[in-house]
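Novice: Data file protein.cif (mmCIF, C-alpha atoms and all ligand atoms) is appended below.
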```cif
data_final
loop_
_atom_site.label_atom_id
_atom_site.label_comp_id
_atom_site.auth_asym_id
_atom_site.auth_seq_id
_atom_site.Cartn_x
_atom_site.Cartn_y
_atom_site.Cartn_z
CA MET B 276 -16.78 -98.71 150.77
CA LYS B 277 -17.70 -102.07 149.29
CA VAL B 278 -21.20 -103.50 148.85
CA ASN B 279 -20.58 -106.27 151.39
CA GLU B 280 -19.24 -103.76 153.94
CA LEU B 281 -22.32 -101.57 153.49
CA ALA B 282 -24.57 -104.61 153.86
CA SER B 283 -23.07 -105.60 157.18
CA ALA B 284 -22.88 -102.01 158.50
CA LEU B 285 -26.58 -101.46 157.74
CA ARG B 286 -27.61 -105.06 158.52
CA LEU B 287 -29.16 -105.41 155.09
CA GLN B 288 -30.67 -108.80 154.38
CA SER B 289 -28.95 -110.34 151.38
CA ILE B 290 -31.20 -111.76 148.65
CA THR B 291 -28.39 -112.13 146.13
CA GLU B 292 -24.79 -111.03 146.50
CA PRO B 293 -22.83 -112.23 143.46
CA ASP B 294 -20.57 -109.17 143.39
CA GLY B 295 -20.14 -108.10 147.02
CA GLU B 296 -16.66 -106.70 146.36
CA ARG B 297 -18.05 -103.94 144.10
CA GLU B 298 -17.27 -100.41 145.33
CA ILE B 299 -20.27 -98.21 146.08
CA ASP B 300 -20.38 -94.59 145.01
CA GLY B 301 -23.36 -92.52 146.15
CA CYS B 302 -27.04 -93.35 146.25
CA TYR B 303 -30.12 -92.85 144.08
CA ILE B 304 -33.71 -93.28 145.27
CA GLY B 305 -36.49 -93.90 142.77
CA ASP B 306 -39.25 -96.21 141.58
CA LEU B 307 -39.93 -94.92 138.08
CA LEU B 308 -37.59 -96.96 135.94
CA SER B 309 -36.75 -94.44 133.25
CA TRP B 310 -35.93 -91.83 135.88
CA VAL B 311 -33.53 -94.33 137.43
CA MET B 312 -32.14 -95.14 133.99
CA GLY B 313 -31.53 -91.51 133.18
CA ARG B 314 -30.39 -90.18 136.54
CA ALA B 315 -28.71 -92.88 138.61
CA GLN B 316 -24.93 -92.82 138.34
CA SER B 317 -22.60 -95.74 137.84
CA GLY B 318 -21.79 -97.30 141.23
CA ASN B 319 -24.81 -95.82 143.05
CA VAL B 320 -26.74 -97.79 145.66
CA TRP B 321 -30.25 -97.86 144.14
CA VAL B 322 -32.96 -97.69 146.79
CA THR B 323 -36.47 -98.60 145.62
CA ILE B 324 -39.73 -100.32 146.55
CA MET B 325 -40.18 -101.62 143.00
CA SER B 326 -39.68 -105.39 143.01
CA ASN B 327 -40.70 -106.77 139.60
CA ILE B 328 -38.30 -108.50 137.24
CA ASN B 329 -37.53 -105.31 135.28
CA ILE B 330 -35.39 -103.91 138.12
CA VAL B 331 -32.69 -106.44 137.27
CA ALA B 332 -32.15 -105.18 133.71
CA VAL B 333 -32.31 -101.56 134.89
CA ALA B 334 -29.67 -102.23 137.57
CA THR B 335 -27.44 -103.95 135.02
CA LEU B 336 -27.73 -101.25 132.38
CA ALA B 337 -27.60 -98.22 134.69
CA ASP B 338 -24.57 -99.96 136.23
CA VAL B 339 -25.58 -99.41 139.88
CA SER B 340 -23.54 -101.27 142.50
CA CYS B 341 -26.57 -102.84 144.20
CA ILE B 342 -30.34 -102.62 144.67
CA VAL B 343 -31.68 -102.08 148.18
CA LEU B 344 -35.40 -102.77 148.58
CA ALA B 345 -36.79 -100.49 151.31
CA GLU B 346 -39.75 -100.94 153.66
CA GLY B 347 -39.31 -104.71 153.87
CA VAL B 348 -40.17 -105.30 150.22
CA THR B 349 -39.15 -108.72 148.91
CA VAL B 350 -38.97 -110.34 145.46
CA GLU B 351 -40.35 -113.50 143.89
CA ASP B 352 -37.96 -116.42 143.53
CA SER B 353 -37.83 -115.90 139.76
CA VAL B 354 -36.49 -112.35 140.25
CA LYS B 355 -33.91 -113.63 142.72
CA ALA B 356 -32.76 -116.25 140.21
CA VAL B 357 -32.36 -113.73 137.39
CA ALA B 358 -30.52 -111.25 139.64
CA GLU B 359 -28.12 -113.99 140.69
CA ALA B 360 -27.56 -115.04 137.06
CA LYS B 361 -26.97 -111.46 135.91
CA GLY B 362 -24.58 -110.66 138.76
CA VAL B 363 -26.87 -108.08 140.40
CA ASN B 364 -26.50 -107.53 144.18
CA LEU B 365 -29.94 -107.36 145.80
CA PHE B 366 -30.83 -106.62 149.44
CA THR B 367 -33.89 -105.91 151.52
CA THR B 368 -34.33 -104.01 154.76
CA PRO B 369 -37.26 -102.82 156.90
CA MET B 370 -35.80 -99.28 156.84
CA THR B 371 -37.38 -96.45 154.84
CA ALA B 372 -35.57 -95.02 151.83
CA TYR B 373 -34.75 -91.94 153.91
CA GLU B 374 -33.20 -93.97 156.72
CA ILE B 375 -31.10 -95.99 154.28
CA ALA B 376 -29.84 -92.88 152.47
CA ALA B 377 -29.08 -91.08 155.74
CA LYS B 378 -27.03 -94.05 156.93
CA ILE B 379 -25.16 -94.32 153.65
CA ALA B 380 -24.36 -90.62 153.86
CA ALA B 381 -23.15 -90.95 157.45
CA LEU B 382 -20.88 -93.83 156.49
CA THR B 383 -19.44 -92.52 153.23
CA VAL B 384 -19.73 -88.76 152.84
CA MET D 97 -19.79 -94.99 103.91
CA SER D 98 -17.51 -97.45 105.70
CA GLU D 99 -18.82 -100.89 106.62
CA ALA D 100 -19.70 -101.77 110.19
CA ALA D 101 -16.96 -103.76 111.90
CA VAL D 102 -19.50 -105.54 114.09
CA ALA D 103 -23.25 -105.93 113.50
CA LEU D 104 -25.64 -107.32 116.10
CA HIS D 105 -29.26 -108.18 115.44
CA PHE D 106 -32.11 -108.93 117.87
CA ASN D 107 -35.78 -109.79 117.61
CA VAL D 108 -37.55 -108.05 120.48
CA ASP D 109 -40.49 -110.05 121.75
CA GLY D 110 -43.59 -107.95 122.37
CA GLU D 111 -45.38 -110.52 124.50
CA ASP D 112 -42.83 -111.35 127.12
CA PHE D 113 -42.36 -108.75 129.79
CA THR D 114 -40.16 -110.95 131.91
CA SER D 115 -37.39 -110.92 129.34
CA ALA D 116 -37.77 -107.28 128.33
CA GLY D 117 -34.40 -105.58 128.18
CA GLN D 118 -32.49 -108.74 127.30
CA ALA D 119 -31.28 -107.42 123.93
CA SER D 120 -29.83 -104.38 125.69
CA VAL D 121 -28.16 -106.54 128.33
CA GLN D 122 -26.65 -108.63 125.54
CA VAL D 123 -25.38 -105.52 123.73
CA LYS D 124 -23.75 -104.30 126.92
CA LYS D 125 -21.98 -107.63 127.26
CA SER D 126 -20.78 -107.57 123.65
CA LEU D 127 -19.48 -104.00 123.91
CA ARG D 128 -17.55 -104.97 127.03
CA GLN D 129 -15.96 -107.89 125.23
CA LEU D 130 -14.94 -105.51 122.44
CA GLY D 131 -13.18 -103.32 125.01
CA ILE D 132 -15.37 -100.25 124.38
CA ASP D 133 -15.03 -97.40 126.92
CA SER D 134 -17.39 -97.81 129.89
CA GLU D 135 -19.01 -94.36 129.54
CA ILE D 136 -19.86 -95.16 125.92
CA ILE D 137 -21.27 -98.53 127.01
CA ARG D 138 -23.49 -96.77 129.55
CA LYS D 139 -24.86 -94.36 126.95
CA VAL D 140 -25.60 -97.12 124.45
CA SER D 141 -27.12 -99.35 127.17
CA ILE D 142 -29.49 -96.66 128.45
CA ALA D 143 -30.58 -95.47 125.00
CA MET D 144 -31.09 -98.96 123.68
CA TYR D 145 -32.98 -100.15 126.78
CA GLU D 146 -35.47 -97.29 126.54
CA GLY D 147 -36.00 -97.99 122.85
CA GLU D 148 -36.31 -101.72 123.42
CA ILE D 149 -38.84 -101.29 126.23
CA ASN D 150 -40.86 -98.85 124.13
CA MET D 151 -41.11 -101.44 121.36
CA VAL D 152 -42.33 -104.01 123.92
CA ILE D 153 -44.82 -101.72 125.67
CA HIS D 154 -46.09 -99.54 122.85
CA ALA D 155 -45.52 -101.47 119.63
CA GLY D 156 -45.89 -105.21 120.31
CA GLY D 157 -42.20 -105.86 119.73
CA GLY D 158 -39.82 -105.20 116.87
CA GLU D 159 -36.26 -105.52 115.67
CA ALA D 160 -33.02 -104.00 116.86
CA HIS D 161 -29.75 -103.65 114.97
CA VAL D 162 -26.58 -102.41 116.61
CA LEU D 163 -23.79 -101.45 114.22
CA ILE D 164 -20.33 -100.70 115.47
CA TYR D 165 -18.18 -98.56 113.18
CA GLU D 166 -14.69 -97.21 113.65
CA ASP D 167 -15.96 -93.80 114.77
CA ARG D 168 -19.50 -94.47 116.08
CA ILE D 169 -22.13 -96.92 117.27
CA GLU D 170 -25.53 -96.91 115.59
CA ILE D 171 -28.66 -98.34 117.20
CA LYS D 172 -31.54 -98.98 114.80
CA LEU D 173 -34.99 -99.88 116.12
CA ASP D 174 -37.82 -100.89 113.81
CA ASP D 175 -41.37 -101.84 114.73
CA HIS D 176 -44.73 -102.26 113.04
CA GLY D 177 -46.71 -100.86 115.96
CA PRO D 178 -49.29 -98.06 115.97
CA GLY D 179 -46.75 -95.30 115.26
CA ILE D 180 -46.39 -91.98 117.08
CA ALA D 181 -48.92 -89.33 116.02
CA ASN D 182 -47.13 -86.34 117.52
CA ILE D 183 -43.40 -86.90 117.86
CA GLU D 184 -42.74 -83.46 119.34
CA MET D 185 -45.18 -84.15 122.14
CA ALA D 186 -43.88 -87.68 122.70
CA MET D 187 -40.35 -86.28 123.10
CA GLN D 188 -41.43 -84.10 126.02
CA GLU D 189 -40.50 -85.23 129.53
CA GLY D 190 -43.52 -86.64 131.34
CA TRP D 191 -45.67 -87.35 128.29
CA SER D 192 -46.89 -90.96 128.24
CA THR D 193 -49.76 -93.09 126.99
CA ALA D 194 -48.70 -96.13 129.05
CA PRO D 195 -51.71 -97.94 130.58
CA ASP D 196 -52.11 -98.45 134.33
CA ASN D 197 -50.94 -102.07 134.40
CA ILE D 198 -47.67 -100.98 132.77
CA ARG D 199 -47.32 -98.00 135.10
CA SER D 200 -47.62 -100.27 138.11
CA LEU D 201 -44.39 -101.94 136.94
CA GLY D 202 -42.54 -98.62 137.09
CA PHE D 203 -42.83 -97.63 133.43
CA GLY D 204 -44.79 -94.72 132.01
CA ALA D 205 -42.89 -91.76 133.45
CA GLY D 206 -42.57 -90.35 129.95
CA MET D 207 -38.79 -90.20 130.28
CA GLY D 208 -37.74 -92.89 127.81
CA LEU D 209 -37.54 -90.86 124.60
CA PRO D 210 -35.92 -87.89 126.44
CA ASN D 211 -33.32 -90.31 127.86
CA MET D 212 -32.62 -91.66 124.37
CA LYS D 213 -32.01 -88.12 123.11
CA ARG D 214 -29.91 -87.16 126.12
CA TYR D 215 -27.57 -90.14 125.98
CA THR D 216 -26.92 -90.17 122.25
CA ASP D 217 -25.19 -87.72 119.93
CA ASP D 218 -27.87 -87.98 117.27
CA MET D 219 -31.41 -89.37 117.18
CA LYS D 220 -33.83 -89.60 114.27
CA ILE D 221 -37.43 -90.77 114.60
CA ASP D 222 -39.44 -91.70 111.56
CA SER D 223 -42.97 -92.78 112.45
CA VAL D 224 -46.17 -93.30 110.48
CA VAL D 225 -49.46 -93.83 112.31
CA GLY D 226 -50.79 -97.29 111.60
CA GLU D 227 -47.50 -98.46 110.06
CA GLY D 228 -44.74 -98.29 112.61
CA THR D 229 -41.77 -96.48 114.03
CA HIS D 230 -38.12 -96.41 112.96
CA ILE D 231 -35.48 -94.88 115.19
CA VAL D 232 -31.78 -94.43 114.52
CA MET D 233 -29.54 -93.31 117.37
CA THR D 234 -25.82 -92.62 117.06
CA VAL D 235 -23.20 -92.52 119.80
CA ASN D 236 -19.85 -91.15 118.64
CA LEU D 237 -16.71 -92.99 119.71
N1 LIG B 401 -42.11 -97.53 119.46
C1 LIG B 401 -43.20 -96.80 119.76
N2 LIG B 401 -44.38 -97.04 119.13
C2 LIG B 401 -45.49 -96.31 119.40
N3 LIG B 401 -45.53 -95.33 120.33
C3 LIG B 401 -44.40 -95.05 121.00
C4 LIG B 401 -43.17 -95.77 120.77
N4 LIG B 401 -42.23 -95.26 121.57
C5 LIG B 401 -42.82 -94.28 122.28
N5 LIG B 401 -44.13 -94.14 121.95
C6 LIG B 401 -45.08 -93.14 122.47
O1 LIG B 401 -44.37 -92.06 123.03
C7 LIG B 401 -44.70 -91.89 124.40
C8 LIG B 401 -43.50 -91.41 125.18
O2 LIG B 401 -42.48 -92.43 125.20
P1 LIG B 401 -41.43 -92.47 126.41
O3 LIG B 401 -40.54 -93.62 126.21
O4 LIG B 401 -40.81 -91.12 126.51
O5 LIG B 401 -42.36 -92.66 127.69
P2 LIG B 401 -43.10 -93.98 128.20
O6 LIG B 401 -42.59 -95.17 127.47
O7 LIG B 401 -44.56 -93.74 128.12
O8 LIG B 401 -42.65 -94.03 129.71
P3 LIG B 401 -41.17 -94.40 130.27
O9 LIG B 401 -40.27 -94.55 129.08
O10 LIG B 401 -40.78 -93.25 131.13
O11 LIG B 401 -41.35 -95.67 131.03
C9 LIG B 401 -45.24 -93.24 124.83
O12 LIG B 401 -46.09 -93.17 125.96
C10 LIG B 401 -45.98 -93.68 123.57
O13 LIG B 401 -47.22 -93.05 123.47
MG MG B 402 -40.56 -95.49 127.31
#
```
Starting from the coordinates I provided, produce the structure as structure tokens.

Specialist:
Amino acid sequence: MKVNELASALRLQSITEPDGEREIDGCYIGDLLSWVMGRAQSGNVWVTIMSNINIVAVATLADVSCIVLAEGVTVEDSVKAVAEAKGVNLFTTPMTAYEIAAKIAALTV
Amino acid sequence: MSEAAVALHFNVDGEDFTSAGQASVQVKKSLRQLGIDSEIIRKVSIAMYEGEINMVIHAGGGEAHVLIYEDRIEIKLDDHGPGIANIEMAMQEGWSTAPDNIRSLGFGAGMGLPNMKRYTDDMKIDSVVGEGTHIVMTVNL
């Protein structure tokens, strides 16, 4: 499944979507950045409530397919701009991390 | 010892949190352009990011050198920060001295140094309290 297909299936609100054609592969939930760095797998959907600028570099380097901000969390415009420039897909949704993961599992597993 | 085919150098700014990680992002880009295997790129990216962030958070910045040889990639990190008093303890998962304002950004899990060890084939830390920390990590190609 592609990032843009997941976004429309889950009605995720797009903040940036420079690489919507990227394939997704599994999901990782976490807010502590070095846990995400060490444990998230390439292609994962990364679900978090962390919204500061550092999530962009972590997403790039851990090579996740997109970031999904849970619980209606949003980002400052500066974070949006950097994510767009770095080619990082970024979404927000009112759902909890559990609900997002359960839906991803139902769609892809 | 053979000479590095490619050498990259970065000054890591200790003041600017908003650009933290940029050297690592740049290294990732360069390795891609060189056609390096994506699993190797991931290892180097993760290890270098953790080291870069540590220099920003704990040492007020520093310098990074990435040397690409025929058979390996070396990441060298040098800072003139406070040094690490007990390296064995610092290497343990969960051990951190990060202050609260840094923790609120998602850092301070005490997983950075363990990640650096896990994602590289060799890691050497040389640190003197009051003088600074020097780290060399090697990823075999
Ligand atoms: N370059 C450095 N200079 C001085 N102290 C350091 C340096 N790097 C690490 N340390 C010390 O080692 C501890 C453990 O580092 P580590 O990267 O594992 O965790 P952290 O940076 O505290 O949290 P995390 O990396 O999970 O965000 C740090 O809290 C700090 O006390
Ligand atoms: Mg660290």

Novice: Each residue of chain B lying at most 9 Å from ligand LIG 401 (chain B) should get a row with its shortest atom-to-atom pair and the distance in Å to one decimal, counting all atoms listed in the file; could you produce that, ordered by chain and increasing number, as CSV?

Specialist:
```
residue,atom,partner,partner_atom,distance
B:Leu307,CA,B:LIG401,O10,7.2
B:Leu308,CA,B:LIG401,O11,6.3
B:Ser309,CA,B:LIG401,O10,4.7
B:Trp310,CA,B:LIG401,O10,6.9
```

Novice: Counting only C-alpha atoms and all ligand atoms, name the residues that have an atom within 8 Å of an atom of ligand MG 402 (chain B); the answer should be given as a list in words.

Specialist: Ser309 of chain B; Glu146, Gly147, Ile149, Asn150, Ile153, Ser192, Phe203, Gly204, Ala205, Gly206, Met207, Gly208 and Leu209 of chain D

Novice: How close does each residue of chain D get to chain B, giving the shortest atom pair and distance in Å to one decimal for every residue with an atom at most 12 Å away, counting all atoms listed in the file, sorted by chain and residue number, as a tab-separated table?

Specialist:
```
residue	atom	partner	partner_atom	distance
D:Asp112	CA	B:Ile328	CA	11.4
D:Phe113	CA	B:Asn329	CA	8.1
D:Thr114	CA	B:Ile328	CA	6.2
D:Ser115	CA	B:Asn329	CA	8.2
D:Ala116	CA	B:Asn329	CA	7.2
D:Gly117	CA	B:Ala332	CA	6.0
D:Gln118	CA	B:Ala332	CA	7.3
D:Ala119	CA	B:Ala332	CA	10.1
D:Ser120	CA	B:Leu336	CA	7.7
D:Val121	CA	B:Leu336	CA	6.7
D:Gln122	CA	B:Leu336	CA	10.1
D:Val123	CA	B:Leu336	CA	9.9
D:Lys124	CA	B:Leu336	CA	7.4
D:Lys125	CA	B:Leu336	CA	10.0
D:Ser134	CA	B:Ser317	CA	9.7
D:Glu135	CA	B:Ser317	CA	9.1
D:Ile136	CA	B:Leu336	CA	11.9
D:Ile137	CA	B:Leu336	CA	8.8
D:Arg138	CA	B:Ala337	CA	6.7
D:Lys139	CA	B:Ala337	CA	9.1
D:Val140	CA	B:Leu336	CA	9.2
D:Ser141	CA	B:Leu336	CA	5.6
D:Ile142	CA	B:Leu336	CA	6.3
D:Ala143	CA	B:Met312	CA	9.1
D:Met144	CA	B:Leu336	CA	9.6
D:Tyr145	CA	B:Leu336	CA	7.8
D:Glu146	CA	B:Ser309	CA	7.4
D:Gly147	CA	B:Ser309	CA	11.0
D:Glu148	CA	B:Ala332	CA	11.6
D:Ile149	CA	B:Asn329	CA	10.0
D:Asn150	CA	B:Ser309	CA	10.9
D:Glu189	CA	B:Trp310	CA	10.2
D:Gly190	CA	B:Trp310	CA	10.3
D:Ser192	CA	B:Ser309	CA	11.8
D:Ile198	CA	B:Leu307	CA	11.2
D:Arg199	CA	B:Leu307	CA	8.5
D:Ser200	CA	B:Met325	CA	9.0
D:Leu201	CA	B:Asn327	CA	6.6
D:Gly202	CA	B:Leu307	CA	4.6
D:Phe203	CA	B:Leu308	CA	5.8
D:Gly204	CA	B:Leu307	CA	7.8
D:Ala205	CA	B:Leu307	CA	6.3
D:Gly206	CA	B:Ser309	CA	7.8
D:Met207	CA	B:Ser309	CA	5.6
D:Gly208	CA	B:Ser309	CA	5.7
D:Leu209	CA	B:Ser309	CA	9.4
D:Pro210	CA	B:Gly313	CA	8.8
D:Asn211	CA	B:Gly313	CA	5.7
D:Met212	CA	B:Gly313	CA	8.9
D:Lys213	CA	B:Gly313	CA	10.6
D:Arg214	CA	B:Gly313	CA	8.4
D:Tyr215	CA	B:Gly313	CA	8.3
D:Thr216	CA	B:Gly313	CA	11.9
```

Novice: To one decimal place in Å, what is the distance between CA of Phe106 (chain D) and CA of Glu159 (chain D)?

Specialist: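 Calculated distance between CA of Phe106 (chain D) and CA of Glu159 (chain D) is 5.8 Å.
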
Novice: Quick one: of B:Lys355, B:Thr323, B:Gly362, B:Ala334, who's nearest to Glu296 (chain B), counting only C-alpha atoms?

Specialist: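 Of the candidates, the smallest distance to Glu296 (chain B) is held by B:Gly362.
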
Novice: Please list, as a PyMOL selection string, the residues that have an atom at most 12 Å away from (-50.3, -92.5, 117.6) in the coordinates of this file, counting only C-alpha atoms.

Specialist: chain D and resi 154-155+177-186+192-193+223-229

Novice: CA of Ser340 (chain B) and CA of Thr291 (chain B), how far apart in Å?

Specialist: 12.4 Å

Novice: Separation of CA of Val235 (chain D) and CA of Asp218 (chain D), in Å?

Specialist: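 Between CA of Val235 (chain D) and CA of Asp218 (chain D) the gap is 7.0 Å.
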
Novice: Need to verify the contact set: Ile375 (chain B), 9 Å, only C-alpha atoms, exclusion of same-chain residues closer than 3 positions in sequence. Can you return it as a list of chain:residue names?

Specialist: B:Leu285, B:Val322, B:Val343, B:Ala345, B:Thr368, B:Met370, B:Thr371, B:Ala372, B:Lys378, B:Ile379, B:Ala380

Novice: Can you list, as a JSON list (two decimals) with C-alpha atoms, in the frame of the given file, every protein, DNA or RNA residue that comes within 10 Å of Glu280 (chain B) when you count only C-alpha atoms, leaving out same-chain residues fewer than 3 positions away?

Specialist:
```json
[["chain", "number", "residue", "atom", "x", "y", "z"],
["B", 276, "MET", "CA", -16.78, -98.71, 150.77],
["B", 277, "LYS", "CA", -17.70, -102.07, 149.29],
["B", 283, "SER", "CA", -23.07, -105.60, 157.18],
["B", 284, "ALA", "CA", -22.88, -102.01, 158.50],
["B", 285, "LEU", "CA", -26.58, -101.46, 157.74],
["B", 286, "ARG", "CA", -27.61, -105.06, 158.52],
["B", 295, "GLY", "CA", -20.14, -108.10, 147.02],
["B", 296, "GLU", "CA", -16.66, -106.70, 146.36],
["B", 297, "ARG", "CA", -18.05, -103.94, 144.10],
["B", 298, "GLU", "CA", -17.27, -100.41, 145.33],
["B", 299, "ILE", "CA", -20.27, -98.21, 146.08]]
```

Novice: Mind completing region 302-311 of chain B with all heavy atoms? Output as a PDB file, in the frame of the given file, please?

Specialist:
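selection-v3.pdb, freshly written:
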```pdb
ATOM      1  N   CYS B 302     -25.745 -92.687 146.072  1.00  0.00           N
ATOM      2  CA  CYS B 302     -27.040 -93.350 146.250  1.00  0.00           C
ATOM      3  C   CYS B 302     -28.081 -92.653 145.386  1.00  0.00           C
ATOM      4  O   CYS B 302     -28.037 -91.436 145.223  1.00  0.00           O
ATOM      5  CB  CYS B 302     -27.412 -93.257 147.731  1.00  0.00           C
ATOM      6  SG  CYS B 302     -29.058 -93.840 148.156  1.00  0.00           S
ATOM      7  N   TYR B 303     -28.997 -93.433 144.811  1.00  0.00           N
ATOM      8  CA  TYR B 303     -30.120 -92.850 144.080  1.00  0.00           C
ATOM      9  C   TYR B 303     -31.392 -93.539 144.546  1.00  0.00           C
ATOM     10  O   TYR B 303     -31.432 -94.764 144.664  1.00  0.00           O
ATOM     11  CB  TYR B 303     -29.946 -93.036 142.558  1.00  0.00           C
ATOM     12  CG  TYR B 303     -31.016 -92.320 141.774  1.00  0.00           C
ATOM     13  CD1 TYR B 303     -30.868 -90.975 141.430  1.00  0.00           C
ATOM     14  CD2 TYR B 303     -32.197 -92.968 141.418  1.00  0.00           C
ATOM     15  CE1 TYR B 303     -31.867 -90.299 140.747  1.00  0.00           C
ATOM     16  CE2 TYR B 303     -33.197 -92.296 140.732  1.00  0.00           C
ATOM     17  CZ  TYR B 303     -33.029 -90.964 140.396  1.00  0.00           C
ATOM     18  OH  TYR B 303     -34.021 -90.299 139.724  1.00  0.00           O
ATOM     19  N   ILE B 304     -32.427 -92.729 144.822  1.00  0.00           N
ATOM     20  CA  ILE B 304     -33.710 -93.280 145.270  1.00  0.00           C
ATOM     21  C   ILE B 304     -34.746 -93.051 144.180  1.00  0.00           C
ATOM     22  O   ILE B 304     -34.912 -91.909 143.732  1.00  0.00           O
ATOM     23  CB  ILE B 304     -34.185 -92.588 146.566  1.00  0.00           C
ATOM     24  CG1 ILE B 304     -33.141 -92.755 147.674  1.00  0.00           C
ATOM     25  CG2 ILE B 304     -35.546 -93.141 146.996  1.00  0.00           C
ATOM     26  CD1 ILE B 304     -33.448 -91.957 148.932  1.00  0.00           C
ATOM     27  N   GLY B 305     -35.440 -94.109 143.761  1.00  0.00           N
ATOM     28  CA  GLY B 305     -36.490 -93.900 142.770  1.00  0.00           C
ATOM     29  C   GLY B 305     -37.177 -95.191 142.373  1.00  0.00           C
ATOM     30  O   GLY B 305     -36.594 -96.272 142.424  1.00  0.00           O
ATOM     31  N   ASP B 306     -38.451 -95.049 141.975  1.00  0.00           N
ATOM     32  CA  ASP B 306     -39.250 -96.210 141.580  1.00  0.00           C
ATOM     33  C   ASP B 306     -39.657 -96.174 140.111  1.00  0.00           C
ATOM     34  O   ASP B 306     -40.080 -97.194 139.574  1.00  0.00           O
ATOM     35  CB  ASP B 306     -40.519 -96.278 142.448  1.00  0.00           C
ATOM     36  CG  ASP B 306     -40.169 -96.313 143.926  1.00  0.00           C
ATOM     37  OD1 ASP B 306     -39.216 -97.024 144.284  1.00  0.00           O
ATOM     38  OD2 ASP B 306     -40.828 -95.618 144.716  1.00  0.00           O
ATOM     39  N   LEU B 307     -39.578 -95.017 139.502  1.00  0.00           N
ATOM     40  CA  LEU B 307     -39.930 -94.920 138.080  1.00  0.00           C
ATOM     41  C   LEU B 307     -38.679 -95.260 137.270  1.00  0.00           C
ATOM     42  O   LEU B 307     -37.661 -94.577 137.351  1.00  0.00           O
ATOM     43  CB  LEU B 307     -40.445 -93.514 137.756  1.00  0.00           C
ATOM     44  CG  LEU B 307     -41.748 -93.159 138.491  1.00  0.00           C
ATOM     45  CD1 LEU B 307     -42.177 -91.733 138.176  1.00  0.00           C
ATOM     46  CD2 LEU B 307     -42.862 -94.129 138.126  1.00  0.00           C
ATOM     47  N   LEU B 308     -38.794 -96.347 136.499  1.00  0.00           N
ATOM     48  CA  LEU B 308     -37.590 -96.960 135.940  1.00  0.00           C
ATOM     49  C   LEU B 308     -36.829 -96.065 134.970  1.00  0.00           C
ATOM     50  O   LEU B 308     -35.600 -96.077 134.962  1.00  0.00           O
ATOM     51  CB  LEU B 308     -37.956 -98.298 135.282  1.00  0.00           C
ATOM     52  CG  LEU B 308     -38.582 -99.307 136.266  1.00  0.00           C
ATOM     53  CD1 LEU B 308     -38.957-100.592 135.533  1.00  0.00           C
ATOM     54  CD2 LEU B 308     -37.656 -99.612 137.431  1.00  0.00           C
ATOM     55  N   SER B 309     -37.533 -95.260 134.176  1.00  0.00           N
ATOM     56  CA  SER B 309     -36.750 -94.440 133.250  1.00  0.00           C
ATOM     57  C   SER B 309     -36.151 -93.201 133.929  1.00  0.00           C
ATOM     58  O   SER B 309     -35.199 -92.618 133.404  1.00  0.00           O
ATOM     59  CB  SER B 309     -37.526 -94.084 131.978  1.00  0.00           C
ATOM     60  OG  SER B 309     -38.735 -93.473 132.251  1.00  0.00           O
ATOM     61  N   TRP B 310     -36.650 -92.842 135.094  1.00  0.00           N
ATOM     62  CA  TRP B 310     -35.930 -91.830 135.880  1.00  0.00           C
ATOM     63  C   TRP B 310     -34.631 -92.447 136.406  1.00  0.00           C
ATOM     64  O   TRP B 310     -33.567 -91.829 136.352  1.00  0.00           O
ATOM     65  CB  TRP B 310     -36.771 -91.353 137.079  1.00  0.00           C
ATOM     66  CG  TRP B 310     -37.688 -90.232 136.733  1.00  0.00           C
ATOM     67  CD1 TRP B 310     -38.996 -90.342 136.356  1.00  0.00           C
ATOM     68  CD2 TRP B 310     -37.376 -88.835 136.698  1.00  0.00           C
ATOM     69  NE1 TRP B 310     -39.509 -89.094 136.098  1.00  0.00           N
ATOM     70  CE2 TRP B 310     -38.555 -88.160 136.302  1.00  0.00           C
ATOM     71  CE3 TRP B 310     -36.225 -88.101 136.980  1.00  0.00           C
ATOM     72  CZ2 TRP B 310     -38.601 -86.762 136.175  1.00  0.00           C
ATOM     73  CZ3 TRP B 310     -36.282 -86.714 136.847  1.00  0.00           C
ATOM     74  CH2 TRP B 310     -37.453 -86.057 136.448  1.00  0.00           C
ATOM     75  N   VAL B 311     -34.733 -93.654 136.906  1.00  0.00           N
ATOM     76  CA  VAL B 311     -33.530 -94.330 137.430  1.00  0.00           C
ATOM     77  C   VAL B 311     -32.509 -94.504 136.302  1.00  0.00           C
ATOM     78  O   VAL B 311     -31.318 -94.202 136.465  1.00  0.00           O
ATOM     79  CB  VAL B 311     -33.902 -95.697 138.043  1.00  0.00           C
ATOM     80  CG1 VAL B 311     -32.656 -96.418 138.533  1.00  0.00           C
ATOM     81  CG2 VAL B 311     -34.912 -95.524 139.167  1.00  0.00           C
TER      82      VAL B 311
END
```
